[in-house]
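File shown: query-v5.cif (mmCIF, C-alpha atoms).
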data_coords
loop_
_atom_site.label_atom_id
_atom_site.label_comp_id
_atom_site.auth_asym_id
_atom_site.auth_seq_id
_atom_site.Cartn_x
_atom_site.Cartn_y
_atom_site.Cartn_z
CA MET A 266 -2.65 78.54 123.04
CA ALA A 267 -5.33 80.25 120.95
CA THR A 268 -4.63 81.47 117.44
CA THR A 269 -4.31 85.20 116.87
CA LEU A 270 -5.36 86.68 113.55
CA LEU A 271 -3.69 89.85 112.32
CA ALA A 272 -5.29 91.42 109.25
CA ILE A 273 -3.09 93.88 107.37
CA GLY A 274 -4.78 96.27 104.96
CA THR A 275 -2.44 98.01 102.56
CA ARG A 276 -2.60 100.28 99.58
CA LYS A 277 -2.44 97.27 97.29
CA GLY A 278 -4.20 94.45 99.06
CA LEU A 279 -4.92 92.57 102.26
CA TRP A 280 -2.68 90.08 103.99
CA LEU A 281 -3.74 87.80 106.84
CA ALA A 282 -1.20 86.66 109.40
CA THR A 283 -1.81 84.03 112.05
CA SER A 284 0.22 83.06 115.07
CA GLU A 285 0.01 80.76 118.05
CA ASP A 286 2.37 82.82 120.18
CA ARG A 287 2.17 86.29 118.55
CA ARG A 288 5.91 86.12 117.88
CA SER A 289 6.14 83.76 114.94
CA TRP A 290 3.66 84.52 112.15
CA SER A 291 2.40 82.76 109.07
CA LEU A 292 1.46 85.16 106.27
CA SER A 293 -1.21 84.49 103.64
CA ALA A 294 -1.06 85.24 99.96
CA PRO A 295 -2.51 88.66 99.13
CA HIS A 296 -6.27 89.15 98.94
CA PHE A 297 -7.72 91.89 96.69
CA LEU A 298 -4.33 92.53 95.13
CA MET A 299 -3.99 96.03 93.64
CA THR A 300 -6.97 97.20 95.69
CA GLU A 301 -6.67 99.54 98.64
CA VAL A 302 -7.87 98.15 101.99
CA PRO A 303 -8.32 101.10 104.38
CA SER A 304 -10.71 99.45 106.85
CA ILE A 305 -11.00 96.08 108.56
CA GLY A 306 -13.32 94.80 111.25
CA ILE A 307 -12.87 91.48 113.03
CA ASP A 308 -16.05 90.42 114.78
CA THR A 309 -15.53 87.58 117.26
CA ARG A 310 -18.82 87.94 119.10
CA ASP A 311 -21.04 84.89 119.55
CA GLY A 312 -18.06 82.55 119.36
CA ARG A 313 -17.62 82.96 115.60
CA THR A 314 -15.24 85.01 113.52
CA ARG A 315 -16.43 87.33 110.79
CA LEU A 316 -13.86 89.34 108.92
CA MET A 317 -15.13 92.52 107.24
CA VAL A 318 -13.12 94.68 104.88
CA GLY A 319 -13.76 97.98 103.20
CA VAL A 320 -11.85 97.86 99.93
CA ARG A 321 -11.47 100.50 97.27
CA SER A 322 -10.35 100.26 93.70
CA GLU A 323 -8.96 103.40 92.11
CA HIS A 324 -11.04 102.51 89.06
CA PHE A 325 -14.04 100.66 90.36
CA GLY A 326 -14.83 102.35 93.67
CA PRO A 327 -15.41 101.13 97.22
CA THR A 328 -17.26 98.12 98.55
CA VAL A 329 -17.59 96.01 101.69
CA LEU A 330 -16.97 92.28 101.77
CA HIS A 331 -17.06 89.76 104.58
CA SER A 332 -15.66 86.32 105.20
CA ASP A 333 -16.78 83.73 107.74
CA ASP A 334 -13.93 81.33 106.95
CA LEU A 335 -10.87 83.47 107.66
CA GLY A 336 -10.55 84.68 104.11
CA ALA A 337 -10.92 81.37 102.28
CA SER A 338 -13.96 82.90 100.57
CA TRP A 339 -15.52 86.36 100.51
CA ASP A 340 -19.13 87.46 100.19
CA GLU A 341 -20.26 90.75 98.73
CA PRO A 342 -23.94 91.69 98.83
CA ALA A 343 -24.99 92.23 95.23
CA GLY A 344 -26.64 95.55 96.00
CA GLY A 345 -23.72 96.81 98.07
CA ALA A 346 -23.52 97.03 101.86
CA ILE A 347 -23.04 100.81 102.03
CA ARG A 348 -24.89 102.92 99.49
CA PHE A 349 -26.13 106.46 99.92
CA PRO A 350 -29.91 106.81 99.55
CA ALA A 351 -30.91 108.44 96.27
CA ASP A 352 -32.24 111.62 97.91
CA THR A 353 -28.80 112.50 99.29
CA GLY A 354 -27.25 112.77 95.84
CA ALA A 355 -24.02 111.46 97.40
CA ALA A 356 -21.78 108.51 96.64
CA VAL A 357 -19.43 106.65 98.97
CA GLU A 358 -15.79 107.37 98.19
CA ARG A 359 -14.02 105.28 100.81
CA ILE A 360 -14.95 103.18 103.82
CA TRP A 361 -12.65 104.36 106.58
CA GLN A 362 -13.89 102.38 109.53
CA LEU A 363 -15.69 99.12 110.29
CA ARG A 364 -16.31 98.71 113.99
CA PRO A 365 -18.25 95.86 115.62
CA ASP A 366 -20.26 97.09 118.61
CA SER A 367 -20.12 95.48 122.05
CA ALA A 368 -21.09 91.90 122.88
CA ASP A 369 -24.44 92.98 124.29
CA ARG A 370 -25.45 94.36 120.88
CA PRO A 371 -24.82 91.36 118.63
CA GLY A 372 -24.98 92.03 114.94
CA VAL A 373 -24.46 95.77 115.32
CA VAL A 374 -21.53 97.09 113.30
CA TRP A 375 -20.67 100.75 112.71
CA ALA A 376 -19.03 102.22 109.65
CA GLY A 377 -17.42 105.59 109.08
CA CYS A 378 -17.09 106.82 105.52
CA GLU A 379 -15.97 109.50 103.12
CA PRO A 380 -17.81 111.76 102.48
CA ILE A 381 -18.28 112.34 106.21
CA SER A 382 -20.99 109.92 107.28
CA VAL A 383 -21.68 107.28 109.89
CA TRP A 384 -23.60 104.08 109.20
CA ARG A 385 -25.13 101.36 111.33
CA SER A 386 -25.60 97.70 110.46
CA ASP A 387 -27.83 95.36 112.43
CA ASP A 388 -26.96 92.26 110.42
CA GLY A 389 -23.27 91.84 111.06
CA GLY A 390 -22.09 94.21 108.36
CA GLU A 391 -24.06 92.90 105.40
CA SER A 392 -26.17 96.04 105.03
CA PHE A 393 -25.81 99.46 106.60
CA GLU A 394 -28.20 102.35 107.15
CA LEU A 395 -27.05 105.96 107.00
CA CYS A 396 -27.26 107.83 110.32
CA ARG A 397 -29.46 110.63 109.09
CA GLY A 398 -29.02 112.65 112.24
CA LEU A 399 -25.36 113.22 111.45
CA TRP A 400 -25.79 113.46 107.69
CA ASP A 401 -28.44 116.16 108.11
CA HIS A 402 -26.48 117.99 110.81
CA PRO A 403 -26.47 121.76 110.26
CA HIS A 404 -22.68 121.78 110.67
CA ARG A 405 -22.09 119.43 107.76
CA SER A 406 -21.59 122.11 105.14
CA GLU A 407 -18.78 123.54 107.29
CA TRP A 408 -16.89 120.29 107.83
CA GLY A 409 -13.75 120.11 105.76
CA ALA A 410 -11.31 117.64 104.32
CA GLY A 411 -8.08 116.57 105.93
CA TYR A 412 -5.22 115.59 103.66
CA GLY A 413 -6.66 112.10 103.27
CA GLY A 414 -10.18 113.26 102.41
CA ALA A 415 -13.29 114.33 104.33
CA ALA A 416 -14.11 111.31 106.44
CA ALA A 417 -15.63 110.01 109.64
CA HIS A 418 -12.63 107.86 110.50
CA SER A 419 -13.32 106.89 114.12
CA VAL A 420 -16.53 105.38 115.46
CA VAL A 421 -16.42 104.46 119.13
CA PRO A 422 -19.61 102.94 120.52
CA GLY A 423 -20.25 103.21 124.24
CA PRO A 424 -22.96 102.16 126.69
CA GLU A 425 -26.65 103.01 126.45
CA GLY A 426 -26.83 104.46 123.00
CA THR A 427 -23.71 106.58 123.29
CA VAL A 428 -21.45 106.73 120.25
CA HIS A 429 -18.54 109.08 119.71
CA VAL A 430 -17.22 109.75 116.24
CA ALA A 431 -14.19 111.70 115.10
CA MET A 432 -13.95 113.30 111.70
CA SER A 433 -11.34 115.20 109.76
CA THR A 434 -12.09 117.94 109.76
CA GLY A 435 -14.93 118.55 112.15
CA GLY A 436 -13.66 117.00 115.36
CA VAL A 437 -15.54 114.87 117.86
CA TYR A 438 -19.32 114.44 117.83
CA ARG A 439 -21.41 112.46 120.29
CA THR A 440 -24.83 110.88 120.19
CA ARG A 441 -26.63 109.53 123.22
CA ASP A 442 -29.63 108.18 121.39
CA GLY A 443 -27.98 105.60 119.20
CA GLY A 444 -27.26 107.94 116.32
CA GLY A 445 -30.39 110.07 116.10
CA SER A 446 -28.97 113.41 117.23
CA TRP A 447 -25.34 114.51 117.42
CA GLN A 448 -23.53 117.30 119.26
CA PRO A 449 -19.96 118.53 118.81
CA ARG A 450 -17.70 117.73 121.76
CA ASN A 451 -14.40 119.55 121.20
CA SER A 452 -14.06 121.86 124.19
CA GLY A 453 -10.36 122.13 124.98
CA ILE A 454 -9.10 120.64 121.70
CA SER A 455 -6.91 122.99 119.68
CA ALA A 456 -7.24 123.86 116.02
CA TYR A 457 -3.92 125.64 115.48
CA PHE A 458 -4.50 125.77 111.73
CA MET A 459 -7.42 128.19 112.24
CA PRO A 460 -7.18 131.77 113.50
CA GLY A 461 -8.70 132.84 116.82
CA PRO A 462 -9.80 130.72 119.75
CA ALA A 463 -10.56 127.04 119.21
CA PRO A 464 -13.99 126.68 117.64
CA GLU A 465 -16.94 124.56 118.75
CA PHE A 466 -16.15 122.22 115.86
CA GLY A 467 -13.76 122.06 112.93
CA GLN A 468 -10.84 120.42 114.71
CA CYS A 469 -8.78 117.78 112.97
CA VAL A 470 -8.96 115.01 115.55
CA HIS A 471 -7.00 112.06 114.16
CA LYS A 472 -8.19 109.23 116.41
CA ILE A 473 -10.17 108.65 119.57
CA ALA A 474 -10.42 105.68 121.94
CA ARG A 475 -12.48 104.81 124.99
CA ASP A 476 -11.09 103.71 128.34
CA ALA A 477 -11.70 100.08 129.30
CA ALA A 478 -12.68 100.74 132.90
CA ASP A 479 -14.50 104.07 132.68
CA PRO A 480 -16.67 104.47 129.58
CA ARG A 481 -16.93 108.22 130.21
CA ARG A 482 -13.17 108.54 129.80
CA LEU A 483 -11.89 109.07 126.26
CA TYR A 484 -8.52 109.75 124.68
CA ALA A 485 -7.73 111.69 121.51
CA GLN A 486 -4.73 112.09 119.24
CA ASN A 487 -5.26 115.43 117.58
CA HIS A 488 -3.60 117.20 114.69
CA HIS A 489 -1.08 118.51 117.28
CA GLY A 490 -2.37 117.72 120.73
CA VAL A 491 -2.98 114.62 122.83
CA TYR A 492 -5.99 114.81 125.11
CA ARG A 493 -8.13 113.03 127.67
CA SER A 494 -11.74 113.60 128.58
CA ASP A 495 -13.13 112.37 131.89
CA ASP A 496 -16.68 113.55 131.21
CA ASP A 497 -17.79 111.68 128.10
CA GLY A 498 -16.21 114.22 125.79
CA ASP A 499 -17.73 117.36 127.32
CA SER A 500 -14.25 118.75 127.98
CA TRP A 501 -10.71 117.73 127.07
CA THR A 502 -7.39 118.35 128.81
CA SER A 503 -3.90 117.90 127.43
CA ILE A 504 -1.94 114.78 128.30
CA ALA A 505 0.91 115.54 125.91
CA ASP A 506 3.49 116.32 128.60
CA GLY A 507 6.12 113.64 128.59
CA LEU A 508 5.76 112.79 124.92
CA PRO A 509 8.46 113.76 122.39
CA SER A 510 5.78 115.30 120.17
CA ASP A 511 2.07 115.97 120.33
CA PHE A 512 1.59 115.01 116.65
CA GLY A 513 0.64 111.58 115.41
CA PHE A 514 -2.30 109.61 114.12
CA ALA A 515 -2.91 106.54 116.28
CA MET A 516 -4.55 106.33 119.70
CA LEU A 517 -4.96 102.92 121.28
CA ALA A 518 -6.68 102.03 124.55
CA ASP A 519 -6.15 98.78 126.40
CA PRO A 520 -9.37 96.72 126.19
CA ARG A 521 -8.63 95.08 129.55
CA ARG A 522 -7.09 97.70 131.81
CA GLY A 523 -8.30 101.20 132.51
CA GLY A 524 -5.83 104.04 132.15
CA ARG A 525 -3.49 102.26 129.73
CA ILE A 526 -3.02 103.79 126.28
CA TRP A 527 -0.49 103.86 123.46
CA VAL A 528 0.42 106.52 120.91
CA VAL A 529 2.95 106.59 118.08
CA PRO A 530 4.37 110.13 117.92
CA LEU A 531 5.53 111.78 114.73
CA VAL A 532 7.59 114.96 114.72
CA ALA A 533 5.06 117.48 113.45
CA ASP A 534 2.43 118.35 110.88
CA GLY A 535 5.16 119.40 108.48
CA GLU A 536 7.53 116.56 109.39
CA ARG A 537 5.61 113.33 109.44
CA ILE A 538 8.37 110.98 110.53
CA PRO A 539 9.20 109.36 113.86
CA PRO A 540 11.26 111.65 116.13
CA ASP A 541 14.99 111.28 115.36
CA GLY A 542 14.12 108.75 112.67
CA GLU A 543 13.58 106.05 115.30
CA LEU A 544 10.25 104.27 115.55
CA ALA A 545 8.87 104.10 119.08
CA VAL A 546 5.55 103.54 120.78
CA HIS A 547 4.78 105.47 123.94
CA ARG A 548 2.60 103.97 126.64
CA SER A 549 0.88 105.48 129.60
CA ASP A 550 -0.43 103.36 132.46
CA ASP A 551 -1.99 106.30 134.28
CA ALA A 552 -4.34 107.80 131.70
CA GLY A 553 -1.71 110.08 130.23
CA SER A 554 -0.16 111.55 133.39
CA THR A 555 3.18 109.91 132.59
CA TRP A 556 4.53 108.20 129.48
CA ARG A 557 7.15 105.56 128.80
CA ARG A 558 8.98 105.10 125.50
CA LEU A 559 8.89 101.52 124.20
CA ASP A 560 11.17 100.67 121.29
CA THR A 561 12.65 97.23 121.88
CA GLY A 562 12.52 95.44 118.57
CA LEU A 563 11.48 98.51 116.60
CA PRO A 564 13.80 99.96 113.94
CA THR A 565 16.29 102.65 114.85
CA HIS A 566 16.19 103.92 111.27
CA GLU A 567 12.62 104.61 110.19
CA TYR A 568 11.35 107.52 108.15
CA ASN A 569 7.86 106.25 107.41
CA ALA A 570 4.75 107.35 109.25
CA VAL A 571 2.27 105.14 111.08
CA LEU A 572 -1.22 106.04 109.87
CA ARG A 573 -4.29 106.38 112.09
CA ASP A 574 -5.57 102.84 111.64
CA ALA A 575 -2.19 101.21 111.10
CA ALA A 576 -1.91 100.48 114.82
CA CYS A 577 -4.16 98.32 116.95
CA VAL A 578 -4.40 96.13 119.99
CA ASP A 579 -5.91 92.70 120.46
CA ALA A 580 -7.84 91.57 123.52
CA GLY A 581 -5.37 88.87 124.55
CA ASP A 582 -3.87 88.49 127.99
CA PRO A 583 -1.42 90.12 127.97
CA VAL A 584 -2.69 92.53 125.33
CA GLY A 585 -0.95 92.45 121.96
CA VAL A 586 0.08 95.67 120.22
CA TYR A 587 0.55 96.00 116.46
CA VAL A 588 2.09 98.74 114.34
CA GLY A 589 2.42 99.01 110.56
CA THR A 590 4.32 101.65 108.62
CA ARG A 591 3.92 103.30 105.27
CA GLY A 592 7.11 101.46 104.39
CA GLY A 593 5.26 98.15 104.57
CA GLU A 594 6.74 96.87 107.82
CA VAL A 595 4.50 95.35 110.48
CA TYR A 596 5.55 94.80 114.08
CA ALA A 597 3.83 92.86 116.85
CA SER A 598 4.21 92.91 120.58
CA ALA A 599 2.89 90.03 122.69
CA ASP A 600 3.66 91.86 125.93
CA GLU A 601 1.77 95.15 125.83
CA GLY A 602 4.49 96.97 123.93
CA GLU A 603 7.47 96.00 126.06
CA SER A 604 9.08 94.31 123.06
CA PHE A 605 8.24 93.97 119.38
CA SER A 606 9.10 91.47 116.68
CA THR A 607 8.72 91.82 112.93
CA VAL A 608 5.64 90.18 111.45
CA THR A 609 6.47 90.97 107.83
CA SER A 610 8.38 93.44 105.68
CA HIS A 611 8.18 95.03 102.25
CA LEU A 612 4.40 95.12 101.92
CA PRO A 613 2.78 98.16 100.26
CA ASP A 614 1.95 101.11 102.55
CA VAL A 615 0.09 99.78 105.58
CA LEU A 616 -3.25 101.57 105.95
CA CYS A 617 -4.98 99.45 108.58
CA VAL A 618 -4.21 96.63 110.96
CA ARG A 619 -6.68 94.76 113.16
CA ALA A 620 -5.99 91.78 115.40
CA ALA A 621 -8.09 89.35 117.41
CA VAL A 622 -7.57 86.23 119.43
CA LEU A 623 -9.81 83.74 117.65
CA PRO A 624 -12.58 82.06 119.65
CA MET B 154 -31.68 95.73 68.16
CA THR B 155 -28.40 94.09 69.02
CA VAL B 156 -25.15 95.69 70.13
CA ARG B 157 -21.78 94.24 70.92
CA VAL B 158 -20.36 94.96 74.40
CA LEU B 159 -16.72 94.59 75.37
CA LEU B 160 -16.05 94.40 79.11
CA PRO B 161 -12.84 94.84 81.12
CA ARG B 162 -11.00 91.68 81.99
CA LEU B 163 -10.49 93.10 85.51
CA LEU B 164 -14.24 92.81 86.07
CA ALA B 165 -14.69 89.32 84.66
CA ASP B 166 -15.45 88.03 88.16
CA CYS B 167 -18.58 90.24 88.12
CA THR B 168 -19.79 89.13 84.69
CA GLY B 169 -19.61 85.39 85.00
CA GLY B 170 -16.18 85.37 83.41
CA ARG B 171 -17.35 87.06 80.22
CA THR B 172 -15.40 89.87 78.61
CA SER B 173 -17.71 90.32 75.64
CA MET B 174 -21.36 89.73 74.90
CA SER B 175 -24.16 90.62 72.54
CA LEU B 176 -26.99 92.55 74.09
CA ASP B 177 -30.52 93.11 72.84
CA LEU B 178 -31.83 96.58 73.59
CA PRO B 179 -35.08 98.35 72.68
CA GLU B 180 -34.64 101.28 70.29
CA PRO B 181 -33.74 104.04 70.70
CA ALA B 182 -30.97 103.07 73.12
CA THR B 183 -28.51 105.10 75.14
CA VAL B 184 -25.40 104.25 77.12
CA ARG B 185 -27.48 104.53 80.30
CA ALA B 186 -30.05 102.06 78.96
CA LEU B 187 -27.26 99.68 78.01
CA LEU B 188 -25.72 99.90 81.50
CA ASP B 189 -29.16 99.48 83.08
CA ALA B 190 -29.67 96.33 81.03
CA LEU B 191 -26.27 94.98 82.11
CA ALA B 192 -27.06 95.86 85.74
CA THR B 193 -30.12 93.63 85.79
CA GLU B 194 -28.02 90.53 85.36
CA HIS B 195 -24.73 91.81 86.76
CA PRO B 196 -25.45 94.19 89.69
CA VAL B 197 -21.93 94.06 91.10
CA PHE B 198 -20.50 94.96 87.69
CA ASP B 199 -22.80 97.95 87.67
CA ARG B 200 -21.55 99.14 91.08
CA ARG B 201 -18.01 98.88 89.76
CA VAL B 202 -18.63 101.17 86.80
CA ARG B 203 -21.28 103.54 88.22
CA ASP B 204 -21.66 104.99 91.70
CA GLU B 205 -24.98 105.11 93.53
CA THR B 206 -25.91 108.42 91.93
CA GLY B 207 -25.79 106.64 88.58
CA ALA B 208 -22.71 108.53 87.44
CA LEU B 209 -19.94 106.79 85.58
CA ARG B 210 -16.96 106.37 87.89
CA ARG B 211 -14.21 108.86 87.17
CA HIS B 212 -11.67 106.31 86.01
CA VAL B 213 -14.04 104.19 83.93
CA ASN B 214 -14.42 105.03 80.25
CA VAL B 215 -17.11 103.97 77.81
CA TYR B 216 -16.57 104.11 74.07
CA VAL B 217 -19.35 103.86 71.48
CA ASP B 218 -17.89 102.85 68.14
CA GLY B 219 -14.54 104.22 69.23
CA GLU B 220 -15.76 107.55 70.61
CA GLU B 221 -15.43 108.23 74.36
CA VAL B 222 -18.87 109.13 75.62
CA ARG B 223 -17.71 111.99 77.86
CA ARG B 224 -16.79 113.76 74.61
CA LEU B 225 -20.27 113.04 73.28
CA SER B 226 -23.38 113.23 75.44
CA GLY B 227 -22.28 111.17 78.42
CA LEU B 228 -24.75 108.55 79.56
CA VAL B 229 -27.42 109.79 77.15
CA THR B 230 -25.14 109.21 74.18
CA PRO B 231 -27.17 107.23 71.60
CA VAL B 232 -26.18 103.63 70.94
CA PRO B 233 -27.12 102.71 67.37
CA ALA B 234 -28.00 99.22 66.20
CA GLY B 235 -24.91 97.14 65.55
CA ALA B 236 -22.68 99.42 67.63
CA GLU B 237 -19.65 98.20 69.51
CA VAL B 238 -19.61 99.54 73.08
CA MET B 239 -16.41 99.18 75.05
CA VAL B 240 -16.23 99.61 78.84
CA VAL B 241 -12.66 99.96 80.04
CA GLN B 242 -10.70 101.34 82.98
CA SER B 243 -8.67 104.45 82.31
CA VAL B 244 -5.01 104.88 83.09
CA ALA B 245 -5.00 105.65 86.82
CA GLY B 246 -3.40 104.59 90.05
CA GLY B 247 0.16 103.65 90.80
#
Mind turning this structure into structure tokens?
Amino acid sequence: MATTLLAIGTRKGLWLATSEDRRSWSLSAPHFLMTEVPSIGIDTRDGRTRLMVGVRSEHFGPTVLHSDDLGASWDEPAGGAIRFPADTGAAVERIWQLRPDSADRPGVVWAGCEPISVWRSDDGGESFELCRGLWDHPHRSEWGAGYGGAAAHSVVPGPEGTVHVAMSTGGVYRTRDGGGSWQPRNSGISAYFMPGPAPEFGQCVHKIARDAADPRRLYAQNHHGVYRSDDDGDSWTSIADGLPSDFGFAMLADPRRGGRIWVVPLVADGERIPPDGELAVHRSDDAGSTWRRLDTGLPTHEYNAVLRDAACVDAGDPVGVYVGTRGGEVYASADEGESFSTVTSHLPDVLCVRAAVLP
Amino acid sequence: MTVRVLLPRLLADCTGGRTSMSLDLPEPATVRALLDALATEHPVFDRRVRDETGALRRHVNVYVDGEEVRRLSGLVTPVPAGAEVMVVQSVAGG
């Protein structure tokens, strides 16, 4: 059986776990101890494995490193992989997202950052270029900051130059020319924290994901609201019926099977804990029409939240599902969420998990 | 002229393991000129203490002969010959 790598980014370092069966895990010593690791990308295209991490020191700022030997050594470009051009007068605060593009665009990696910005790399994440079309967008001065900071936290590449991003706050934006021009795509998504009807932009969309079978179908976990779009983001409809709550941060789509998604509900904006203090994942196999609660192996006493990137899936068969909590627990499912086992406990707050079956 | 520079142990991996060094600078020198000189040889160290706008990171402090430069003239604070310049992280984080 192939080895699965699970990278766990926390508030105080990175841990790497490996498993042959996704039930029994071997955990590394910490990497980048005392440094926040909010973003991880695992690039397994071209039959190799490159691990990318966005780390941030409270004192010494953010940077991107990569490893081609599963963390035995790390490389950091001397000049920095993500640096705002001088004319912007801006400085990167945090790298929120590192997302390898599809197999037919080798070397392309996307990054989402704070302040709100999207970046593209054509060399496997060693250097990134600012997407000027989004940075210079006339809406930018009106985008706000969610509790965690003003960030482009979701970058979801699609076919033929289409990329969707989600930002807090600002909502969903789409480009169809590879990042040159961007349009807001929030029709139908609520912004309950603002008076009046929902605006064209300004929503606090927490996470978006693209359907495996239909690239025009997207899913969104909003700051209250769970939605699906069947028209590439042009319009969104609620799929929250059947969930215990429409609040949460994570949104996962099955990379193999269309219509299958997972969310991790929390009670509410003002009560960011699992409903009834019991951690559960909810899965839909019909694009959000119906939901099923999955909690086998998850704690029945859990008062920590699962953050937006602290849940992920791998591309195994069956798909693996991973969830980390702010209490430092990490759970893995080798059977699409039907049952979970504990990977590790007592880590610092889990900010990001990413998993891949190694080539 | 020569100045003495003390560097944070936490950044020793960016300075070839060194936590202190003597640096030759043309006169008149400023904190910015000193950091620019360090950046030539240690670019990663520079990114740790200054962001890409050139500003000192919020939780990094620089002292010239015991005086914190934010209380003086910031990065244009003069660095006299024979000065001791200390770069150190502030108390932050948890």
With a distance threshold of 8 Å and counting all atoms listed in the file, extract the residues of chain A near chain B and express them as an mmCIF file with C-alpha atoms, in the frame of the given file.
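So out.cif came out as:
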data_model
loop_
_atom_site.group_PDB
_atom_site.id
_atom_site.type_symbol
_atom_site.label_atom_id
_atom_site.label_comp_id
_atom_site.auth_asym_id
_atom_site.auth_seq_id
_atom_site.Cartn_x
_atom_site.Cartn_y
_atom_site.Cartn_z
ATOM 1 C CA GLU A 323 -8.960 103.400 92.110
ATOM 2 C CA HIS A 324 -11.040 102.510 89.060
ATOM 3 C CA PHE A 325 -14.040 100.660 90.360
ATOM 4 C CA GLY A 326 -14.830 102.350 93.670
ATOM 5 C CA ALA A 343 -24.990 92.230 95.230
ATOM 6 C CA GLY A 344 -26.640 95.550 96.000
ATOM 7 C CA GLY A 345 -23.720 96.810 98.070
ATOM 8 C CA ARG A 348 -24.890 102.920 99.490
ATOM 9 C CA PHE A 349 -26.130 106.460 99.920
ATOM 10 C CA PRO A 350 -29.910 106.810 99.550
ATOM 11 C CA ALA A 351 -30.910 108.440 96.270
ATOM 12 C CA GLY A 354 -27.250 112.770 95.840
ATOM 13 C CA ALA A 355 -24.020 111.460 97.400
ATOM 14 C CA ALA A 356 -21.780 108.510 96.640
ATOM 15 C CA VAL A 357 -19.430 106.650 98.970
#
Next item on the list: Mind checking which residues fall within 9 Å of Leu271 in chain A, counting all atoms listed in the file, ignoring those fewer than 5 positions away in the same chain, and posting them as number ranges by chain?
Entry: A: 280-284, 579, 587, 618-622
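Between CA of Met174 in chain B and CA of Glu237 in chain B the interatomic distance comes to 10.2 Å.
One finds CA of Ala575 in chain A at 13.5 Å from CA of Val608 in chain A.
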Margin query: One decimal, in Å: what's the spacing between CA of Ser367 in chain A and CA of Val546 in chain A?
Written below: 26.9 Å
Next item on the list: List the neighbours of range 389-400 of chain A out to 7 Å using only C-alpha atoms; skip same-chain residues closer than 5 positions along the sequence, and give me the result as a PyMOL selection string.
Entry: chain A and resi 342+346-347+372-374+382-384+444-447
Next item on the list: Do a neighbour search on Glu180 in chain B at 7 Å with only C-alpha atoms, toss out local chain neighbours closer than 2 positions, and write the hits as a ChimeraX atom specification.
Entry: /B:154,178,182
Notebook entry, point to check: Which residues match the PyMOL selection byres ((chain B and resi 240) around 7) in the file above, as a list in words?
Noted result: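 That expression, the PyMOL selection byres ((chain B and resi 240) around 7), corresponds here to Leu159, Leu160, Pro161, Asn214, Val215, Tyr216, Val238, Met239 and Val241 of chain B.
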